[in-house]
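Q: Sharing work_19.txt here; it has compact mmCIF, C-alpha atoms and all ligand atoms.
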# COMPACT_ATOMS: atom_id res chain seq x y z
CA MET A 217 62.90 101.07 76.74
CA THR A 218 60.93 99.63 79.66
CA ALA A 219 57.73 101.25 80.97
CA PRO A 220 58.25 104.05 83.52
CA MET A 221 58.04 103.06 87.17
CA VAL A 222 54.82 104.02 88.87
CA VAL A 223 55.58 105.34 92.35
CA ARG A 224 52.99 106.22 94.99
CA THR A 225 53.63 107.75 98.42
CA ALA A 226 50.71 107.95 100.85
CA SER A 227 50.44 108.91 104.53
CA VAL A 228 49.88 106.03 106.92
CA ASP A 229 49.18 105.73 110.62
CA LEU A 230 52.03 103.83 112.29
CA ASP A 231 51.32 104.88 115.86
CA SER A 232 50.88 101.27 116.95
CA ILE A 233 54.19 100.17 115.36
CA GLU A 234 57.08 100.53 117.78
CA SER A 235 59.93 99.84 115.38
CA LEU A 236 59.75 100.07 111.61
CA LEU A 237 61.85 96.89 111.61
CA ASP A 238 58.77 95.04 112.94
CA LEU A 239 57.21 95.44 109.50
CA VAL A 240 60.08 94.12 107.45
CA PRO A 241 59.81 90.65 105.90
CA ALA A 242 62.85 88.43 105.33
CA ASP A 243 62.86 89.07 101.58
CA SER A 244 65.64 91.54 100.63
CA PRO A 245 65.16 94.00 103.50
CA VAL A 246 66.86 97.41 103.56
CA SER A 247 67.07 99.80 106.47
CA TRP A 248 68.28 103.22 107.52
CA LEU A 249 67.04 104.02 111.01
CA ARG A 250 67.94 106.22 113.91
CA ARG A 251 65.80 106.46 117.04
CA ASP A 252 63.07 104.70 115.09
CA GLU A 253 62.92 107.36 112.45
CA GLY A 254 64.10 106.77 108.92
CA LEU A 255 63.35 104.29 106.20
CA VAL A 256 62.92 100.56 105.78
CA GLY A 257 62.06 98.72 102.61
CA TRP A 258 61.77 95.37 100.92
CA GLY A 259 61.46 93.76 97.51
CA ARG A 260 63.41 94.89 94.47
CA ALA A 261 61.93 97.15 91.79
CA ALA A 262 65.31 98.01 90.20
CA VAL A 263 68.98 97.57 90.96
CA ILE A 264 72.35 98.57 89.52
CA ARG A 265 75.59 96.83 90.41
CA THR A 266 78.80 98.54 89.46
CA SER A 267 82.46 98.62 90.50
CA GLY A 268 85.75 100.34 89.83
CA SER A 269 86.67 104.00 89.90
CA ALA A 270 83.45 105.03 88.06
CA ARG A 271 81.15 103.32 90.58
CA PHE A 272 79.68 106.53 92.00
CA ARG A 273 79.26 108.12 88.58
CA ASP A 274 77.66 104.97 87.12
CA ALA A 275 75.17 104.81 89.97
CA ASP A 276 74.40 108.54 89.83
CA LYS A 277 73.79 108.43 86.08
CA TRP A 278 71.52 105.40 86.42
CA TRP A 279 69.57 107.18 89.17
CA ALA A 280 69.11 110.29 87.02
CA GLU A 281 67.70 108.11 84.24
CA ILE A 282 65.37 106.18 86.55
CA THR A 283 64.03 109.27 88.32
CA GLY A 284 63.78 111.18 85.03
CA ARG A 285 61.17 108.82 83.66
CA ALA A 286 59.32 107.65 86.79
CA GLU A 287 55.66 108.55 87.25
CA VAL A 288 55.46 109.80 90.84
CA HIS A 289 52.34 110.48 92.94
CA ASP A 290 53.62 111.85 96.24
CA GLU A 291 51.09 113.16 98.74
CA VAL A 292 53.63 113.63 101.56
CA ASN A 293 56.56 115.53 100.03
CA GLU A 294 59.13 115.08 102.77
CA PRO A 295 62.80 114.18 102.32
CA GLY A 296 62.70 110.41 101.74
CA THR A 297 59.26 110.27 100.10
CA GLY A 298 58.63 109.50 96.42
CA LEU A 299 61.25 107.48 94.63
CA VAL A 300 64.14 106.46 96.90
CA ALA A 301 67.22 104.30 96.31
CA PHE A 302 69.40 102.65 98.96
CA GLY A 303 73.09 102.28 98.23
CA THR A 304 76.32 100.70 99.41
CA PHE A 305 79.68 101.51 97.83
CA GLY A 306 83.02 99.75 97.88
CA PHE A 307 85.80 101.35 99.94
CA ALA A 308 88.32 100.99 97.13
CA ASP A 309 88.03 100.89 93.35
CA ASP A 310 88.35 97.14 93.57
CA PRO A 311 87.65 94.48 94.62
CA GLY A 312 83.97 94.49 95.54
CA ASP A 313 80.80 95.66 93.88
CA SER A 314 78.68 98.68 94.69
CA VAL A 315 74.91 98.65 94.58
CA LEU A 316 72.00 101.05 94.29
CA VAL A 317 68.64 99.40 94.82
CA VAL A 318 65.06 100.64 94.59
CA PRO A 319 62.82 98.56 96.87
CA GLN A 320 59.22 97.76 95.89
CA VAL A 321 57.95 98.98 99.25
CA ILE A 322 59.45 101.68 101.47
CA VAL A 323 58.04 102.71 104.82
CA GLY A 324 59.24 105.95 106.37
CA ARG A 325 58.77 107.83 109.59
CA ARG A 326 59.92 111.32 110.51
CA GLY A 327 58.61 113.12 113.57
CA ASP A 328 54.85 112.60 113.64
CA ARG A 329 54.60 111.79 109.93
CA ALA A 330 54.69 108.30 108.46
CA TRP A 331 54.26 107.11 104.91
CA VAL A 332 54.45 104.17 102.59
CA THR A 333 55.88 104.31 99.08
CA THR A 334 55.20 101.58 96.55
CA VAL A 335 56.97 101.06 93.25
CA ASP A 336 55.00 99.14 90.63
CA VAL A 337 53.12 97.16 93.33
CA ASP A 338 49.91 97.55 95.34
CA ALA A 339 50.19 98.97 98.86
CA PRO A 340 50.77 96.10 101.33
CA ASP A 341 49.01 95.66 104.68
CA LEU A 342 51.37 97.17 107.23
CA VAL A 343 51.32 94.46 109.85
CA ALA A 344 54.11 92.98 111.95
CA ALA A 345 56.10 90.34 110.04
CA PRO A 346 56.96 86.99 111.69
CA LEU A 347 59.96 87.51 113.98
CA PRO A 348 63.43 86.52 112.75
CA ARG A 349 65.15 83.55 114.38
CA PRO A 350 68.44 84.15 116.20
CA PRO A 351 71.66 82.85 114.62
CA VAL A 352 72.38 79.27 115.75
CA GLY A 353 75.77 77.67 116.46
CA LEU A 354 77.63 80.99 116.34
CA SER A 355 81.44 80.82 116.52
CA PHE A 356 84.17 83.40 115.83
CA ALA A 357 87.57 83.04 114.19
CA ASP A 358 90.39 85.41 113.18
CA GLY A 359 90.00 87.03 109.80
CA ALA A 360 92.89 87.81 107.44
CA LEU A 361 95.35 88.70 110.22
CA ASN A 362 95.43 87.43 113.78
CA GLY A 363 95.95 89.92 116.63
CA ASP A 364 99.76 89.65 116.60
CA ALA A 365 100.05 90.04 112.83
CA TRP A 366 97.75 93.06 112.93
CA MET A 367 99.79 94.67 115.73
CA SER A 368 102.90 94.22 113.53
CA ALA A 369 101.08 96.06 110.73
CA VAL A 370 100.23 98.87 113.19
CA ALA A 371 103.90 99.04 114.29
CA GLU A 372 104.94 99.23 110.65
CA ALA A 373 102.46 102.08 110.07
CA VAL A 374 103.83 103.95 113.11
CA ALA A 375 107.37 103.54 111.73
CA ARG A 376 106.33 104.87 108.33
CA ILE A 377 104.59 107.85 109.94
CA ASN A 378 107.62 108.63 112.11
CA ALA A 379 109.86 108.34 109.03
CA GLY A 380 107.79 111.17 107.53
CA ASP A 381 106.02 109.14 104.81
CA LEU A 382 102.54 110.27 105.96
CA GLU A 383 100.70 111.70 108.96
CA LYS A 384 97.85 109.32 109.67
CA VAL A 385 96.54 106.01 108.37
CA VAL A 386 93.49 103.99 109.40
CA LEU A 387 94.18 100.26 109.65
CA ALA A 388 91.32 97.78 109.88
CA ARG A 389 90.93 94.08 110.62
CA ASP A 390 88.20 91.51 110.20
CA LEU A 391 86.67 88.77 112.32
CA ILE A 392 84.74 85.84 110.87
CA ALA A 393 81.54 84.58 112.47
CA THR A 394 80.13 81.27 111.31
CA CYS A 395 76.68 79.87 112.07
CA ASP A 396 74.96 76.54 111.45
CA GLU A 397 72.27 78.11 109.28
CA PRO A 398 71.92 81.19 107.06
CA VAL A 399 71.68 84.34 109.18
CA ASP A 400 68.47 86.37 109.03
CA VAL A 401 69.93 89.89 109.03
CA ARG A 402 66.80 91.25 110.72
CA TRP A 403 67.97 89.63 113.98
CA PRO A 404 71.16 91.71 114.37
CA LEU A 405 69.39 94.76 112.92
CA ARG A 406 66.74 94.72 115.64
CA LYS A 407 69.37 94.42 118.34
CA LEU A 408 71.56 97.15 116.87
CA ALA A 409 68.59 99.52 116.55
CA ASP A 410 67.74 98.85 120.22
CA ASP A 411 71.23 99.01 121.68
CA TYR A 412 72.67 101.78 119.45
CA ALA A 413 69.61 103.99 118.94
CA MET A 414 71.84 107.07 118.57
CA CYS A 415 73.59 105.47 115.56
CA TRP A 416 72.23 104.82 112.07
CA THR A 417 71.21 101.17 111.80
CA PHE A 418 71.62 100.15 108.20
CA HIS A 419 71.35 97.20 105.90
CA VAL A 420 71.76 97.27 102.14
CA ASP A 421 72.49 94.18 100.07
CA GLY A 422 74.30 92.20 102.77
CA ILE A 423 76.24 94.92 104.59
CA PHE A 424 74.74 95.90 107.91
CA GLY A 425 75.70 97.70 111.08
CA ALA A 426 75.06 100.69 113.33
CA THR A 427 77.29 103.55 112.31
CA PRO A 428 77.88 106.63 114.46
CA GLU A 429 79.48 108.51 111.56
CA MET A 430 77.57 110.56 108.97
CA LEU A 431 79.70 111.21 105.90
CA VAL A 432 77.17 113.59 104.39
CA ARG A 433 73.51 114.43 104.73
CA ARG A 434 71.89 116.89 102.37
CA GLU A 435 68.42 118.20 102.87
CA ARG A 436 66.87 121.20 101.14
CA GLY A 437 70.15 122.93 100.46
CA LEU A 438 71.71 122.28 103.87
CA VAL A 439 74.62 119.87 104.16
CA THR A 440 75.90 118.32 107.38
CA SER A 441 78.61 115.83 108.24
CA ARG A 442 79.42 114.20 111.57
CA VAL A 443 83.14 113.56 111.73
CA LEU A 444 84.55 111.12 114.27
CA ALA A 445 88.16 110.25 115.07
CA GLY A 446 89.80 109.74 118.42
CA THR A 447 88.42 106.94 120.56
CA ILE A 448 88.46 105.72 124.13
CA ARG A 449 86.84 102.54 125.44
CA ARG A 450 84.10 102.73 128.04
CA THR A 451 84.41 100.88 131.30
CA GLY A 452 80.72 100.76 132.22
CA ASP A 453 81.42 102.72 135.41
CA GLU A 454 79.85 106.18 134.98
CA GLU A 455 82.30 108.10 137.10
CA ARG A 456 85.34 106.52 135.45
CA ASP A 457 83.83 107.06 132.01
CA ALA A 458 83.25 110.76 132.76
CA ALA A 459 86.93 111.06 133.74
CA LEU A 460 87.95 109.17 130.58
CA ALA A 461 85.82 111.51 128.45
CA GLY A 462 87.84 114.40 129.93
CA THR A 463 91.09 112.58 129.14
CA LEU A 464 89.94 112.01 125.55
CA ALA A 465 89.00 115.66 125.09
CA ARG A 466 92.54 116.67 126.17
CA SER A 467 94.53 113.89 124.50
CA SER A 468 96.94 115.42 121.98
CA LYS A 469 97.18 112.11 120.08
CA ASP A 470 93.40 111.94 119.65
CA LEU A 471 93.01 115.66 118.91
CA GLU A 472 95.65 115.34 116.20
CA GLU A 473 93.88 112.32 114.65
CA HIS A 474 90.60 114.22 114.84
CA GLU A 475 91.91 117.40 113.27
CA TYR A 476 93.06 115.47 110.17
CA ALA A 477 89.59 113.99 109.76
CA VAL A 478 87.75 117.32 110.16
CA ARG A 479 90.12 119.04 107.72
CA SER A 480 89.59 116.37 105.07
CA VAL A 481 85.81 116.78 105.27
CA ALA A 482 85.81 120.58 105.40
CA ASP A 483 88.22 120.82 102.44
CA ALA A 484 86.11 118.46 100.32
CA LEU A 485 82.83 120.23 101.12
CA GLU A 486 84.11 123.75 100.67
CA PRO A 487 83.83 123.96 96.86
CA HIS A 488 80.14 123.01 97.15
CA CYS A 489 79.21 125.49 99.89
CA SER A 490 78.43 129.19 99.94
CA SER A 491 78.92 129.24 103.72
CA MET A 492 80.21 126.73 106.24
CA ASN A 493 80.42 126.20 109.97
CA VAL A 494 83.38 124.15 111.22
CA PRO A 495 83.50 124.13 115.04
CA GLU A 496 87.00 124.58 116.41
CA VAL A 497 86.64 122.20 119.34
CA PRO A 498 85.20 118.67 119.15
CA PHE A 499 82.61 117.28 121.57
CA VAL A 500 82.69 113.80 123.10
CA LEU A 501 80.11 111.40 121.65
CA HIS A 502 79.14 108.70 124.16
CA LEU A 503 78.23 105.31 122.70
CA PRO A 504 77.55 102.19 124.77
CA ASN A 505 80.93 100.61 123.85
CA VAL A 506 83.25 103.59 123.18
CA MET A 507 83.48 107.38 123.24
CA HIS A 508 84.65 109.40 120.26
CA LEU A 509 85.80 112.92 119.57
CA ALA A 510 83.12 114.30 117.26
CA THR A 511 82.61 117.42 115.15
CA ASP A 512 79.44 118.36 113.27
CA VAL A 513 80.34 120.30 110.13
CA ALA A 514 77.49 122.19 108.42
CA GLY A 515 77.17 124.23 105.26
CA VAL A 516 74.78 125.78 102.75
CA VAL A 517 75.32 124.23 99.30
CA HIS A 518 75.09 126.30 96.14
CA ASP A 519 74.99 123.40 93.67
CA ALA A 520 72.10 121.18 94.82
CA ALA A 521 70.50 121.44 91.38
CA THR A 522 73.45 119.77 89.67
CA VAL A 523 75.33 117.83 92.35
CA SER A 524 73.61 114.95 94.18
CA SER A 525 74.28 113.86 97.74
CA LEU A 526 75.93 110.75 96.26
CA GLN A 527 78.36 112.97 94.35
CA LEU A 528 79.10 114.78 97.61
CA ALA A 529 79.74 111.40 99.24
CA GLU A 530 82.15 110.57 96.43
CA ALA A 531 83.96 113.88 96.95
CA LEU A 532 84.32 113.18 100.68
CA HIS A 533 85.33 109.53 100.42
CA PRO A 534 87.63 108.31 101.87
CA SER A 535 87.81 110.94 104.62
CA ALA A 536 90.76 110.81 106.99
CA ALA A 537 88.47 109.08 109.51
CA VAL A 538 88.74 105.87 107.45
CA GLY A 539 91.65 106.53 105.04
CA GLY A 540 94.29 108.84 106.43
CA THR A 541 96.41 111.90 105.62
CA PRO A 542 97.51 112.54 102.94
CA THR A 543 94.77 110.43 101.37
CA ALA A 544 96.77 108.96 98.48
CA SER A 545 99.70 107.78 100.64
CA ALA A 546 97.33 106.45 103.28
CA VAL A 547 95.25 104.47 100.80
CA ALA A 548 98.43 103.05 99.24
CA LEU A 549 99.73 102.01 102.68
CA ILE A 550 96.39 100.38 103.55
CA ASP A 551 96.65 98.39 100.34
CA GLU A 552 100.21 97.42 101.14
CA ILE A 553 100.01 96.37 104.81
CA GLU A 554 96.40 95.86 105.89
CA GLY A 555 96.38 92.35 104.44
CA MET A 556 92.67 92.16 103.62
CA ALA A 557 90.07 93.51 101.20
CA ARG A 558 87.73 96.01 102.84
CA ASP A 559 84.98 95.36 100.34
CA ARG A 560 82.21 97.82 101.33
CA TYR A 561 83.38 98.28 104.92
CA ALA A 562 84.15 102.00 105.51
CA GLY A 563 82.51 102.94 102.20
CA PRO A 564 79.43 105.17 101.90
CA VAL A 565 76.08 103.54 102.75
CA GLY A 566 72.68 105.20 102.81
CA TRP A 567 69.88 106.47 100.63
CA MET A 568 68.98 109.20 98.17
CA ASP A 569 65.71 110.60 96.83
CA ALA A 570 64.78 111.91 93.38
CA ASN A 571 65.98 115.45 94.27
CA GLY A 572 69.42 114.04 95.06
CA ASP A 573 68.92 114.74 98.78
CA GLY A 574 69.85 111.91 101.08
CA GLU A 575 72.00 110.56 103.86
CA TRP A 576 75.28 108.71 103.34
CA GLY A 577 76.88 107.25 106.42
CA ILE A 578 80.25 105.53 106.63
CA ALA A 579 79.75 101.75 106.87
CA LEU A 580 81.43 101.29 110.28
CA ARG A 581 80.57 98.98 113.22
CA SER A 582 79.50 96.81 110.35
CA ALA A 583 79.64 93.35 108.84
CA ILE A 584 78.91 91.60 105.57
CA VAL A 585 76.57 88.63 105.75
CA GLN A 586 76.65 85.89 103.16
CA GLY A 587 74.56 82.85 104.01
CA ASP A 588 75.87 81.36 107.25
CA THR A 589 79.01 83.54 107.38
CA VAL A 590 79.32 87.05 108.74
CA ARG A 591 82.51 89.08 108.29
CA LEU A 592 82.89 91.82 110.91
CA PHE A 593 85.18 94.84 110.50
CA ALA A 594 86.87 97.35 112.78
CA GLY A 595 89.56 99.93 112.15
CA CYS A 596 91.64 102.42 114.09
CA GLY A 597 93.33 105.69 113.20
CA ILE A 598 97.10 105.38 113.57
CA VAL A 599 99.37 108.40 114.17
CA GLY A 600 103.03 108.66 115.17
CA SER A 601 102.30 108.14 118.89
CA SER A 602 99.95 105.13 118.49
CA ASP A 603 100.59 101.98 120.52
CA PRO A 604 99.79 98.66 118.77
CA GLU A 605 98.35 96.99 121.89
CA SER A 606 95.97 99.86 122.61
CA GLU A 607 94.88 99.89 118.99
CA LEU A 608 94.14 96.15 119.14
CA ALA A 609 92.01 96.71 122.24
CA GLU A 610 90.24 99.59 120.48
CA SER A 611 89.48 97.39 117.47
CA GLN A 612 88.02 94.76 119.79
CA ALA A 613 85.75 97.39 121.34
CA LYS A 614 84.60 98.37 117.85
CA PHE A 615 83.62 94.74 117.07
CA VAL A 616 81.31 94.73 120.10
CA PRO A 617 78.13 96.19 118.52
CA VAL A 618 77.81 93.59 115.75
CA ARG A 619 79.28 90.80 117.88
CA ASP A 620 76.65 91.32 120.58
CA ALA A 621 73.90 91.78 117.99
CA LEU A 622 74.57 88.31 116.58
CA SER A 623 74.12 86.60 119.91
CA ARG A 624 70.73 85.73 121.38
C1 LIG B 1 87.46 102.97 111.38
C2 LIG B 1 86.55 102.93 112.35
O1 LIG B 1 86.21 104.03 113.09
C3 LIG B 1 86.76 105.29 112.78
C4 LIG B 1 88.01 105.52 113.51
C5 LIG B 1 88.03 106.13 114.73
C6 LIG B 1 89.33 106.24 115.52
O2 LIG B 1 90.34 105.72 115.07
O3 LIG B 1 89.34 106.82 116.62
C7 LIG B 1 86.85 106.67 115.28
C8 LIG B 1 85.70 106.66 114.57
C9 LIG B 1 85.70 106.30 113.16
O4 LIG B 1 85.92 107.43 112.38
C10 LIG B 1 85.78 101.69 112.64
O5 LIG B 1 84.89 101.74 113.49
O6 LIG B 1 86.03 100.66 112.02
Just give me the structure of the file as structure tokens.
A:
Amino acid sequence: MTAPMVVRTASVDLDSIESLLDLVPADSPVSWLRRDEGLVGWGRAAVIRTSGSARFRDADKWWAEITGRAEVHDEVNEPGTGLVAFGTFGFADDPGDSVLVVPQVIVGRRGDRAWVTTVDVDAPDLVAAPLPRPPVGLSFADGALNGDAWMSAVAEAVARINAGDLEKVVLARDLIATCDEPVDVRWPLRKLADDYAMCWTFHVDGIFGATPEMLVRRERGLVTSRVLAGTIRRTGDEERDAALAGTLARSSKDLEEHEYAVRSVADALEPHCSSMNVPEVPFVLHLPNVMHLATDVAGVVHDAATVSSLQLAEALHPSAAVGGTPTASAVALIDEIEGMARDRYAGPVGWMDANGDGEWGIALRSAIVQGDTVRLFAGCGIVGSSDPESELAESQAKFVPVRDALSR
């Protein structure tokens, strides 16, 4: 048995640091940030890679062992202090690996508090790291399916739905970006955190993005989930966008798609909650590229002592926002007609502390970087009244955040 990890969390003054990303060196960075609050980290103190249907359980068991024998000195005691792991999980049982990683250094900020946590290393000087270089020689190419082939898959899904096989399915596509040199992920991360400050800007082990969708957050016995489904593109003209937001809020196609997603989350959370609040009417979430129907579900959990936030994420995944309804038929149809492997796209991504509290977003508006290649993903909820051309346009709008973040 190896020696226990020695973990120290101390308060720090970060008033002069605008973005926590300024501190992050190029060596294995991780991030989970929203409006400049959250966590960043670097270095690797411990990591587990797992796959298959037991991936969540494997990771959770490993985490219980690690936290059970760590020696923790925490002078801050906030959610996200002490020992913290960052994770990314595959959408499907296979292919693709899932990872939970404990960085050597984690820097956190929440309200007016800031802290640094070190794991088996001395506290570093918190100074701005050299800036990342922008990607050079960027070009884009179709992924597994070109636009026409993907629209045929959407038409097939619509036919299956109208034949009564299922109610909703989310179909995704990929886009391949190639550069002349390996991409420094901190470049797109900085741009995403700037341009999509209302989203969660994440990076764990090669998957990065700015997701607007929170699968599950648990903090001190309170659980929340932000469910999205139903989308309209923005035009950039404020008056037109306000009218479009009204159209979205009244669109029966989008409200139907949304209702499936909210139901799937509420049903999965219910067994864990002693009370729940599920709003009956969604609000419209405005992002720079699109607007979504959104519902914030909240509940008080009764099993925080035995069920971690990662186990809650497992129970919720895949919600109808990224899978469909009913889940099993939708996932089978995705496998049959989507024509690509999702890998960790649309899987849970986030962090968890030693109490099992944490935040798990859905890895959307995301991409996987590997050396000089970046694979971008976007998906759309399909119901019986979906139109393939509109869905293609919607998928293009969903590529925009990462696409723009890769450019200079
Ligand atoms: C699947 C994605 O987004 C999901 C699908 C949505 C929709 O179809 O309206 C909206 C938000 C997300 O729940 C994606 O961004 O790739």
Q: List as a list of chain:residue names the protein and nucleic acid residues lying within 7 Å of ligand LIG 1 (chain B), with all atoms listed in the file counted.
A: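 Going residue by residue within 7 Å of ligand LIG 1 (chain B), we get A:Val386, A:Ala388, A:Glu429, A:Val443, A:Leu444, A:Ala445, A:Gly446, A:Thr447, A:His508, A:Ala537, A:Val538, A:Ala562, A:Leu580, A:Arg581, A:Phe593, A:Ala594, A:Gly595, A:Cys596, A:Gly597, A:Ile598, A:Lys614.
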Q: Determine, counting all atoms listed in the file, which protein, DNA and RNA residues have an atom within 10 Å of an atom of Val420 of chain A; residues of the same chain fewer than 5 positions away are not included. Present the result as a ChimeraX atom specification.
A: /A:244-248,257,302-305,315-317,425,565-567,584
Q: Write out as JSON, numbers by chain which residues come within 10 Å of Glu383 of chain A when counting all atoms listed in the file, dropping same-chain ones fewer than 2 positions away.
A: {"A": [373, 374, 376, 377, 378, 379, 380, 381, 385, 472, 473, 476, 540, 541, 542, 543, 545, 546, 598, 599, 600]}
Q: Restricted to C-alpha atoms, what would the selected residues look like written as a CSV table (one decimal), in the coordinates of the input?
A:
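Below you can see selection17.csv, which holds the result:
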chain,number,residue,atom,x,y,z
A,373,ALA,CA,102.5,102.1,110.1
A,374,VAL,CA,103.8,104.0,113.1
A,376,ARG,CA,106.3,104.9,108.3
A,377,ILE,CA,104.6,107.8,109.9
A,378,ASN,CA,107.6,108.6,112.1
A,379,ALA,CA,109.9,108.3,109.0
A,380,GLY,CA,107.8,111.2,107.5
A,381,ASP,CA,106.0,109.1,104.8
A,385,VAL,CA,96.5,106.0,108.4
A,472,GLU,CA,95.6,115.3,116.2
A,473,GLU,CA,93.9,112.3,114.6
A,476,TYR,CA,93.1,115.5,110.2
A,540,GLY,CA,94.3,108.8,106.4
A,541,THR,CA,96.4,111.9,105.6
A,542,PRO,CA,97.5,112.5,102.9
A,543,THR,CA,94.8,110.4,101.4
A,545,SER,CA,99.7,107.8,100.6
A,546,ALA,CA,97.3,106.4,103.3
A,598,ILE,CA,97.1,105.4,113.6
A,599,VAL,CA,99.4,108.4,114.2
A,600,GLY,CA,103.0,108.7,115.2
Q: Calculated over all atoms listed in the file, which of the candidates A:Ser491, A:Thr218, A:Pro295, A:Ala621 has the smallest distance to Arg406 of chain A?
A: A:Ala621
Q: Of the candidates A:Gly284, A:Pro351, A:Gly574, A:Pro604, which one gets nearest to Leu438 of chain A if we count all atoms listed in the file?
A: A:Gly574
Q: Excluding Leu608 of chain A and its own-chain neighbours fewer than 3 positions away, which residues fall within 7 Å of it when counting all atoms listed in the file? Please give them as an MDAnalysis selection string.
A: chainID A and resid 363 367 604:605 611:612
Q: Quick one: pull the distance between atom CA of Lys384 of chain A and atom CA of Gly268 of chain A, Å, one decimal.
A: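 Interatomic distance, atom CA of Lys384 of chain A to atom CA of Gly268 of chain A: 24.9 Å.
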Q: Quick one: distance from atom CA of Asp290 of chain A to atom CA of Ala529 of chain A in Å, one decimal?
A: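 Taking atom CA of Asp290 of chain A and atom CA of Ala529 of chain A, their separation equals 26.3 Å.
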Q: Report, in Å with one decimal, the straight-line distance from atom CA of Arg271 of chain A to atom CA of Thr283 of chain A.
A: 18.3 Å
Q: Just the residues within 9 Å of Val370 of chain A, please, counting only C-alpha atoms, with nothing from its chain fewer than 5 positions along; format it as a PDB file with C-alpha atoms, in the frame of the given file.
A:
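Output saved as part.pdb:
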ATOM      1  CA  ALA A 365     100.050  90.040 112.830  1.00  0.00           C
ATOM      2  CA  ALA A 375     107.370 103.540 111.730  1.00  0.00           C
ATOM      3  CA  LEU A 387      94.180 100.260 109.650  1.00  0.00           C
ATOM      4  CA  ILE A 553     100.010  96.370 104.810  1.00  0.00           C
ATOM      5  CA  GLU A 554      96.400  95.860 105.890  1.00  0.00           C
ATOM      6  CA  ILE A 598      97.100 105.380 113.570  1.00  0.00           C
ATOM      7  CA  SER A 602      99.950 105.130 118.490  1.00  0.00           C
ATOM      8  CA  ASP A 603     100.590 101.980 120.520  1.00  0.00           C
ATOM      9  CA  PRO A 604      99.790  98.660 118.770  1.00  0.00           C
ATOM     10  CA  GLU A 607      94.880  99.890 118.990  1.00  0.00           C
ATOM     11  CA  LEU A 608      94.140  96.150 119.140  1.00  0.00           C
TER      12      LEU A 608
END
Q: Need the shell around Val335 of chain A: protein/DNA/RNA residues with any atom at most 7 Å away, counting only C-alpha atoms. Skip same-chain ones fewer than 5 positions apart. Format as an mmCIF file with C-alpha atoms, keeping the file's coordinate frame?
A:
data_model
loop_
_atom_site.group_PDB
_atom_site.id
_atom_site.type_symbol
_atom_site.label_atom_id
_atom_site.label_comp_id
_atom_site.auth_asym_id
_atom_site.auth_seq_id
_atom_site.Cartn_x
_atom_site.Cartn_y
_atom_site.Cartn_z
ATOM 1 C CA MET A 221 58.040 103.060 87.170
ATOM 2 C CA VAL A 222 54.820 104.020 88.870
ATOM 3 C CA VAL A 223 55.580 105.340 92.350
ATOM 4 C CA ARG A 224 52.990 106.220 94.990
ATOM 5 C CA ALA A 261 61.930 97.150 91.790
ATOM 6 C CA GLN A 320 59.220 97.760 95.890
ATOM 7 C CA VAL A 321 57.950 98.980 99.250
#
Q: Find the residues with any atom within 8 Å of (75.4, 81.9, 111.7); use only C-alpha atoms and the coordinates as given in the file, and write the answer as a list of chain:residue names.
A: A:Pro351, A:Val352, A:Gly353, A:Leu354, A:Ser355, A:Ala393, A:Thr394, A:Cys395, A:Asp396, A:Glu397, A:Pro398, A:Val399, A:Gly587, A:Asp588, A:Thr589, A:Val590
Q: Output C-alpha atoms for every residue in that selection, as a compact mmCIF listing (two decimals), keeping the file's coordinate frame.
A:
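File produced: result.txt:
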# COMPACT_ATOMS: atom_id res chain seq x y z
CA PRO A 351 71.66 82.85 114.62
CA VAL A 352 72.38 79.27 115.75
CA GLY A 353 75.77 77.67 116.46
CA LEU A 354 77.63 80.99 116.34
CA SER A 355 81.44 80.82 116.52
CA ALA A 393 81.54 84.58 112.47
CA THR A 394 80.13 81.27 111.31
CA CYS A 395 76.68 79.87 112.07
CA ASP A 396 74.96 76.54 111.45
CA GLU A 397 72.27 78.11 109.28
CA PRO A 398 71.92 81.19 107.06
CA VAL A 399 71.68 84.34 109.18
CA GLY A 587 74.56 82.85 104.01
CA ASP A 588 75.87 81.36 107.25
CA THR A 589 79.01 83.54 107.38
CA VAL A 590 79.32 87.05 108.74
Q: Within 10 Å of (71.7, 102.3, 110.4), in the coordinates the file gives, what residues turn up when you count all atoms listed in the file, written out as a ChimeraX atom specification?
A: /A:246-251,254-255,405,408-409,412-420,424-428,565-566,577-582
Q: Regenerate segment 496-501 of chain A at the level of N, CA and C atoms and dump it as a JSON list (two decimals), in the frame of the given file.
A:
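Writing done, so here's rebuild-v5.json:
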[["chain", "number", "residue", "atom", "x", "y", "z"],
["A", 496, "GLU", "N", 85.56, 124.72, 116.17],
["A", 496, "GLU", "CA", 87.00, 124.58, 116.41],
["A", 496, "GLU", "C", 87.33, 123.48, 117.41],
["A", 497, "VAL", "N", 86.37, 123.18, 118.29],
["A", 497, "VAL", "CA", 86.64, 122.20, 119.34],
["A", 497, "VAL", "C", 85.64, 121.05, 119.24],
["A", 498, "PRO", "N", 86.13, 119.80, 119.24],
["A", 498, "PRO", "CA", 85.20, 118.67, 119.15],
["A", 498, "PRO", "C", 84.43, 118.44, 120.45],
["A", 499, "PHE", "N", 83.31, 117.74, 120.37],
["A", 499, "PHE", "CA", 82.61, 117.28, 121.57],
["A", 499, "PHE", "C", 82.86, 115.78, 121.73],
["A", 500, "VAL", "N", 82.49, 115.23, 122.88],
["A", 500, "VAL", "CA", 82.69, 113.80, 123.10],
["A", 500, "VAL", "C", 81.35, 113.08, 122.90],
["A", 501, "LEU", "N", 81.32, 112.18, 121.94],
["A", 501, "LEU", "CA", 80.11, 111.40, 121.65],
["A", 501, "LEU", "C", 80.17, 110.10, 122.46]]
